[in-house]
Amino acid sequence: MAIITADVPAPVVASTSRVRGLQCRECGQLYPRAPMHVCELCFGPLEVAYDYDVIRRMVSRESIERGPHSLWRYRDLLPVTSDRVVDSGAGFTPLLRAENLGRALGLRNLWVKNDTVNPTFSFKDRPVSMASSVAAYDFGFDTLACASTGNLAGSVAAHAARAWMRACIFIPADLEPSKISGASIYDPILVAVDGNYDDVNRLCSEIGDLYGWAFVNINVRPYYSEGSKTLAYEVAEQLGWRLPDRVVVPIASGSMFTKIHKGFRELSSLGLVAAGNVKMVGAQALGCSPVVTAFKEHTHDVRPVRPNTIVKSLAIGNPADGYYSVKIVEETGGDLEAVTDDETVDGIRLLARTEGIYAETAGGVTVGVLKKLALRGAIDPDETVVAYITGNGLKTPDAAAGVLAPPLHVAPTLSAFEAAYKDLLARTGA
Amino acid sequence: MNVRVRIPAPLRQATDGAAEASVQAAPLSAALGELETQFPGMKGRLRDDAGALRRFVNIYVNGEDVRFLQGLDTDLKAGDEVSIIPAVAGGA
């Protein structure tokens with residue numbers, strides 16, 4: 001029988017907890033793990049703080065490769081601490097060599113991260129996997145809520161269903177019908193707000209203070225946003241455990257952009273890849289490009305704008321992580337560029353006809369910006385470049401519908417087909 | 001005149017838990033000054049060492065971001081509602 005005496009000091013052991021708590025990104029103040037997102041001292045955003053010495057001892061390329069074919073293979077690098085998670089099978093989406101698109105743009109080593117094939121057809125399933133798991137099993141919330149430009153709505157509603165939680169979703173009233181139905185199908189409480197996304201977000205911030213809900217992009221945002229790091233982990237692993245030279249990423253609030261950067265940095269510092277710099281390129285729609293404007297005006301002061309673009313998923317006029325996004329672009333020698341709505345539609349079509357991938361409007365912005373930079377000679381043709389395609393085209397079918405060739409309409413006879421086909425060849429010169 | 005100021009949860013340590021305050025002064029800069037006098041902990045939370053509003057503090061008057069109005073010079077009238085809101089993420 002062990003004899004316990006009061007005067008024997010407890011043995012000093014190395015910490016085994018990966019997650020130290022939350023830390024203010026501005027002033028460094030530490031907080032315990034809790035559903036909160038703002039520093040009470042300086043209003044700065046809170047981030048999950050890890051003990052990387054603990055993680056270094058837990059993680060190797062082999063331990064990750066033995067994991068599931070989903071983002072949960074990187075669980076040791078993520079902020080969940082409960083044994084249970086809300087597993088929708090999100091992540092580990094294809095990284096495809098894009099030879100045809102590369103040829104069109106004069107890039108010899110171009111890849112597309114096809115994140116359109118997630119459970120609810122956008123990258124949002126990554127952060128929401130974190131937010132729902134932490135909300136349900138670490139903090140015991142019964143309601144999952146969000147303000148959404150569309151993609152987040154569907155993802156939150158679906159993950160709430162899977163976690164057997166209630167969902168309460170706030171969207172701008174003018175959202176695309178396919179995004180509304182793509183959320184309604186999971187039977188959430190859906191609130192359409194007369195205003196733009198920034199209005200919805202402000203309202204939700206005030207609602208969040210009153211109701212005890214887990215707002216994925218507000219009070220559980222520090223955990224939520226970490227999910228986007230897996231977009232970096234996967235690309236590095238799929239390239240054979242090496243960093244790309246450059247990535248092109250769409251920017252709305254800048255959250256995904258900053259977390260992809262963080263993911264690459266973590267892999268370097270943990271020794272999972274050879275250290276290197278990834279040039280971070282941010283893509284915005286010209287009708288809502290406050291981060292691009294700040295970069296071009298050489299300021300870190302991102303001034304809010306009123307969005308006017310068909311690219312609803314990027315229509316955030318007051319981007320919370322805009323400031324950090326500009327700094328990352330400067331630090332990595334990256335770039336920030338915007339494209340018009342017409343160039344966005346061209347980008348959607350270019351990706352579809354060269355690589356067989358149907359992207360939503362944000363993907364059109366990414367490809368449009370990639371094209372603009374490539375044709376300008378701003379990208380070395382031999383660089384390993386990855387374009388992140390983060391949402392599925394079936395969410396925004398109207399974007400390109402007006403410019404697509406109509407089908408050949410024929411009577412059910414061989415002669416009718418042959419006449420129409422001959423006419424087509426004559427018209428297109430094929 | 002009376003202007004309501006909605007206090008977000010992260011700032012309520014400074015207001016002893018109160019979710020709302022009331023100020024008389026205008027324009028917005030004077031109203032914030034009055035708020036900071038009422039609640040001495042408020043100033044360091046809202047402003048940096050140089051006295052400028054911190055980067056992640058967003059202020060709205062009747063739901064409108066003051067950066068679309070006249071910033072800290074935005075005039076206030078009786079019945080107006082001022083909201084102080086931290087930056088929040090989302091989108092894409």
# chains A, B, ... in the order shown; residues from 1 in each chain; ligands from 1

$ interface_residues --of "chain A" --to "chain B" --cutoff "6 Å" --atoms "only C-alpha atoms" --output "PyMOL selection string"
chain A and resi 40-42+44+149+209+217-218+252-253+313-314+320

$ write_last_selection --atoms "N, CA, C and O atoms" --output "PDB file, in the first residue's frame"
ATOM      1  N   GLU A  40      -9.746  40.574 -22.927  1.00  0.00           N
ATOM      2  CA  GLU A  40     -10.454  41.534 -22.070  1.00  0.00           C
ATOM      3  C   GLU A  40      -9.595  42.751 -21.740  1.00  0.00           C
ATOM      4  O   GLU A  40     -10.086  43.742 -21.226  1.00  0.00           O
ATOM      5  N   LEU A  41      -8.311  42.668 -22.034  1.00  0.00           N
ATOM      6  CA  LEU A  41      -7.429  43.797 -21.743  1.00  0.00           C
ATOM      7  C   LEU A  41      -7.278  44.734 -22.928  1.00  0.00           C
ATOM      8  O   LEU A  41      -7.197  45.951 -22.756  1.00  0.00           O
ATOM      9  N   CYS A  42      -7.206  44.185 -24.142  1.00  0.00           N
ATOM     10  CA  CYS A  42      -6.904  45.066 -25.283  1.00  0.00           C
ATOM     11  C   CYS A  42      -7.803  44.829 -26.489  1.00  0.00           C
ATOM     12  O   CYS A  42      -7.581  45.431 -27.531  1.00  0.00           O
ATOM     13  N   GLY A  44      -7.892  42.501 -28.494  1.00  0.00           N
ATOM     14  CA  GLY A  44      -7.246  41.733 -29.565  1.00  0.00           C
ATOM     15  C   GLY A  44      -7.883  40.356 -29.695  1.00  0.00           C
ATOM     16  O   GLY A  44      -8.539  39.870 -28.769  1.00  0.00           O
ATOM     17  N   THR A 149     -21.978  33.841 -44.945  1.00  0.00           N
ATOM     18  CA  THR A 149     -22.159  34.301 -46.318  1.00  0.00           C
ATOM     19  C   THR A 149     -22.675  33.152 -47.181  1.00  0.00           C
ATOM     20  O   THR A 149     -22.764  33.282 -48.379  1.00  0.00           O
ATOM     21  N   ASP A 209     -23.874  37.690 -27.061  1.00  0.00           N
ATOM     22  CA  ASP A 209     -23.699  38.140 -25.672  1.00  0.00           C
ATOM     23  C   ASP A 209     -24.908  37.801 -24.806  1.00  0.00           C
ATOM     24  O   ASP A 209     -24.818  37.736 -23.587  1.00  0.00           O
ATOM     25  N   ASN A 217     -18.250  31.382 -35.458  1.00  0.00           N
ATOM     26  CA  ASN A 217     -17.309  32.424 -35.895  1.00  0.00           C
ATOM     27  C   ASN A 217     -17.204  33.560 -34.884  1.00  0.00           C
ATOM     28  O   ASN A 217     -16.604  34.581 -35.173  1.00  0.00           O
ATOM     29  N   ILE A 218     -17.769  33.372 -33.674  1.00  0.00           N
ATOM     30  CA  ILE A 218     -17.642  34.428 -32.667  1.00  0.00           C
ATOM     31  C   ILE A 218     -17.008  33.850 -31.395  1.00  0.00           C
ATOM     32  O   ILE A 218     -15.779  33.810 -31.292  1.00  0.00           O
ATOM     33  N   ALA A 252     -11.781  36.471 -47.622  1.00  0.00           N
ATOM     34  CA  ALA A 252     -13.004  37.179 -47.223  1.00  0.00           C
ATOM     35  C   ALA A 252     -12.666  37.931 -45.940  1.00  0.00           C
ATOM     36  O   ALA A 252     -12.303  39.098 -45.953  1.00  0.00           O
ATOM     37  N   SER A 253     -12.704  37.208 -44.784  1.00  0.00           N
ATOM     38  CA  SER A 253     -12.279  37.834 -43.531  1.00  0.00           C
ATOM     39  C   SER A 253     -10.761  37.714 -43.359  1.00  0.00           C
ATOM     40  O   SER A 253     -10.162  38.409 -42.543  1.00  0.00           O
ATOM     41  N   SER A 313     -19.625  34.797 -51.279  1.00  0.00           N
ATOM     42  CA  SER A 313     -18.866  34.119 -50.227  1.00  0.00           C
ATOM     43  C   SER A 313     -17.626  34.921 -49.816  1.00  0.00           C
ATOM     44  O   SER A 313     -17.030  34.651 -48.779  1.00  0.00           O
ATOM     45  N   LEU A 314     -17.235  35.897 -50.645  1.00  0.00           N
ATOM     46  CA  LEU A 314     -16.094  36.744 -50.268  1.00  0.00           C
ATOM     47  C   LEU A 314     -16.542  38.166 -49.924  1.00  0.00           C
ATOM     48  O   LEU A 314     -15.702  39.046 -49.733  1.00  0.00           O
ATOM     49  N   ALA A 320     -12.027  40.817 -40.485  1.00  0.00           N
ATOM     50  CA  ALA A 320     -11.410  40.801 -39.158  1.00  0.00           C
ATOM     51  C   ALA A 320      -9.915  40.511 -39.219  1.00  0.00           C
ATOM     52  O   ALA A 320      -9.138  41.045 -38.431  1.00  0.00           O
TER      53      ALA A 320
END

$ select_by_dssp --residues "stretch 281-381 of chain A" --states "helix (DSSP H, G or I)" --output "ChimeraX atom specification"
/A:290-296,312-314,322-332,341-355,361-375

$ atom_distance --atom1 "atom CA of A:Pro407" --atom2 "atom CA of A:Thr428"
13.9 Å

$ closest_residue --among "A:Arg202, A:Glu355, A:Glu26, A:His300" --to "B:Ile59" --atoms "only C-alpha atoms"
A:Arg202

$ select_by_dssp --residues "chain B" --states "strand (DSSP E or B)" --output "PyMOL selection string"
chain B and resi 3-6+20-23+47+53+57-61+64-65+81-86

$ residues_around --residues "A:Lys262" --least-positions-apart "6" --cutoff "12 Å" --atoms "only C-alpha atoms" --output "list in words"
Glu47, Val48, Leu77, Ser225, Glu226, Gly227, Ser228, Lys229, Thr230, Leu231, Ala232, Tyr233, Ser255, Met256, Ser268, Ser269, Asn277, Val278, Met280, Tyr324, Ser325, Ile328 and Thr332 of chain A

$ write_last_selection --atoms "C-alpha atoms" --output "mmCIF file, in the first residue's frame"
data_model
loop_
_atom_site.group_PDB
_atom_site.id
_atom_site.type_symbol
_atom_site.label_atom_id
_atom_site.label_comp_id
_atom_site.auth_asym_id
_atom_site.auth_seq_id
_atom_site.Cartn_x
_atom_site.Cartn_y
_atom_site.Cartn_z
ATOM 1 C CA GLU A 47 -5.768 32.259 -30.514
ATOM 2 C CA VAL A 48 -5.314 28.725 -29.259
ATOM 3 C CA LEU A 77 -2.100 19.595 -34.168
ATOM 4 C CA SER A 225 -10.363 28.927 -37.302
ATOM 5 C CA GLU A 226 -7.677 26.375 -36.419
ATOM 6 C CA GLY A 227 -9.464 23.872 -38.673
ATOM 7 C CA SER A 228 -8.261 25.753 -41.733
ATOM 8 C CA LYS A 229 -4.655 24.867 -40.860
ATOM 9 C CA THR A 230 -5.404 21.408 -42.253
ATOM 10 C CA LEU A 231 -5.489 22.979 -45.738
ATOM 11 C CA ALA A 232 -1.758 23.577 -45.318
ATOM 12 C CA TYR A 233 -0.969 20.226 -43.684
ATOM 13 C CA SER A 255 -9.149 33.803 -41.418
ATOM 14 C CA MET A 256 -8.395 30.889 -43.756
ATOM 15 C CA SER A 268 8.437 23.708 -40.555
ATOM 16 C CA SER A 269 8.998 24.358 -36.874
ATOM 17 C CA ASN A 277 9.060 30.198 -47.177
ATOM 18 C CA VAL A 278 5.670 29.864 -48.842
ATOM 19 C CA MET A 280 1.162 33.741 -49.719
ATOM 20 C CA TYR A 324 -2.824 40.094 -40.400
ATOM 21 C CA SER A 325 -3.333 39.069 -44.034
ATOM 22 C CA ILE A 328 1.683 37.913 -44.000
ATOM 23 C CA THR A 332 6.386 36.073 -47.266
#

$ residues_around --residues "stretch 375-391 of chain A" --least-positions-apart "3" --cutoff "9 Å" --atoms "only C-alpha atoms" --output "VMD selection string"
(chain A and resid 95 102 105 to 118 121 to 124 151 231 235 243 to 250 357 to 364 366 to 367 370 to 372 394 to 395) or (chain B and resid 92)

$ write_last_selection --atoms "C-alpha atoms" --output "compact mmCIF listing (two decimals), in the first residue's frame"
# COMPACT_ATOMS: atom_id res chain seq x y z
CA LEU A 95 -4.46 17.71 -54.55
CA GLY A 102 -0.69 25.21 -66.14
CA LEU A 105 -0.96 30.02 -67.91
CA GLY A 106 2.68 29.14 -68.62
CA LEU A 107 3.19 27.41 -65.26
CA ARG A 108 4.97 24.06 -65.26
CA ASN A 109 4.27 22.96 -61.71
CA LEU A 110 0.71 23.96 -60.92
CA TRP A 111 -1.57 22.10 -58.52
CA VAL A 112 -5.19 22.53 -57.48
CA LYS A 113 -6.36 21.71 -53.97
CA ASN A 114 -9.89 20.57 -54.72
CA ASP A 115 -11.78 21.36 -51.54
CA THR A 116 -15.13 21.41 -53.36
CA VAL A 117 -15.63 17.74 -52.44
CA ASN A 118 -16.05 18.13 -48.69
CA PHE A 121 -19.04 21.08 -50.59
CA SER A 122 -16.77 23.77 -49.20
CA PHE A 123 -13.69 24.14 -47.00
CA LYS A 124 -15.98 25.34 -44.18
CA ASN A 151 -21.03 28.15 -47.18
CA LEU A 231 -5.49 22.98 -45.74
CA VAL A 235 -0.99 20.13 -49.29
CA LEU A 243 6.20 23.03 -48.84
CA PRO A 244 4.92 24.60 -52.05
CA ASP A 245 6.70 27.74 -53.25
CA ARG A 246 3.50 29.76 -53.59
CA VAL A 247 -0.19 29.39 -52.82
CA VAL A 248 -3.18 31.37 -54.06
CA VAL A 249 -6.00 31.63 -51.53
CA PRO A 250 -9.30 33.55 -51.59
CA ILE A 357 -13.40 21.11 -61.62
CA TYR A 358 -16.53 23.18 -61.09
CA ALA A 359 -15.81 25.93 -58.57
CA GLU A 360 -18.10 28.45 -56.97
CA THR A 361 -17.43 32.14 -57.46
CA ALA A 362 -14.62 32.28 -54.87
CA GLY A 363 -12.79 29.65 -56.96
CA GLY A 364 -13.27 31.85 -60.00
CA THR A 366 -8.68 32.43 -57.17
CA VAL A 367 -8.15 31.24 -60.75
CA LEU A 370 -3.65 33.27 -60.60
CA LYS A 371 -4.12 33.99 -64.30
CA LYS A 372 -3.56 37.71 -63.84
CA LEU A 394 -23.27 23.88 -57.74
CA LYS A 395 -23.67 26.41 -54.93
CA ALA B 92 -15.13 32.40 -47.92

$ closest_residue --among "A:Ala352, A:Leu424, A:Ala283, A:Ala315" --to "A:Leu373" --atoms "only C-alpha atoms"
A:Ala283

$ closest_residue --among "A:Tyr323, A:Phe170, A:Tyr421, A:Phe264" --to "A:Thr293" --atoms "only C-alpha atoms"
A:Tyr323

$ residues_around --residues "stretch 56-60 of chain A" --least-positions-apart "3" --cutoff "8 Å" --atoms "only C-alpha atoms" --output "PyMOL selection string"
chain A and resi 52-53+63-64+76+270+272
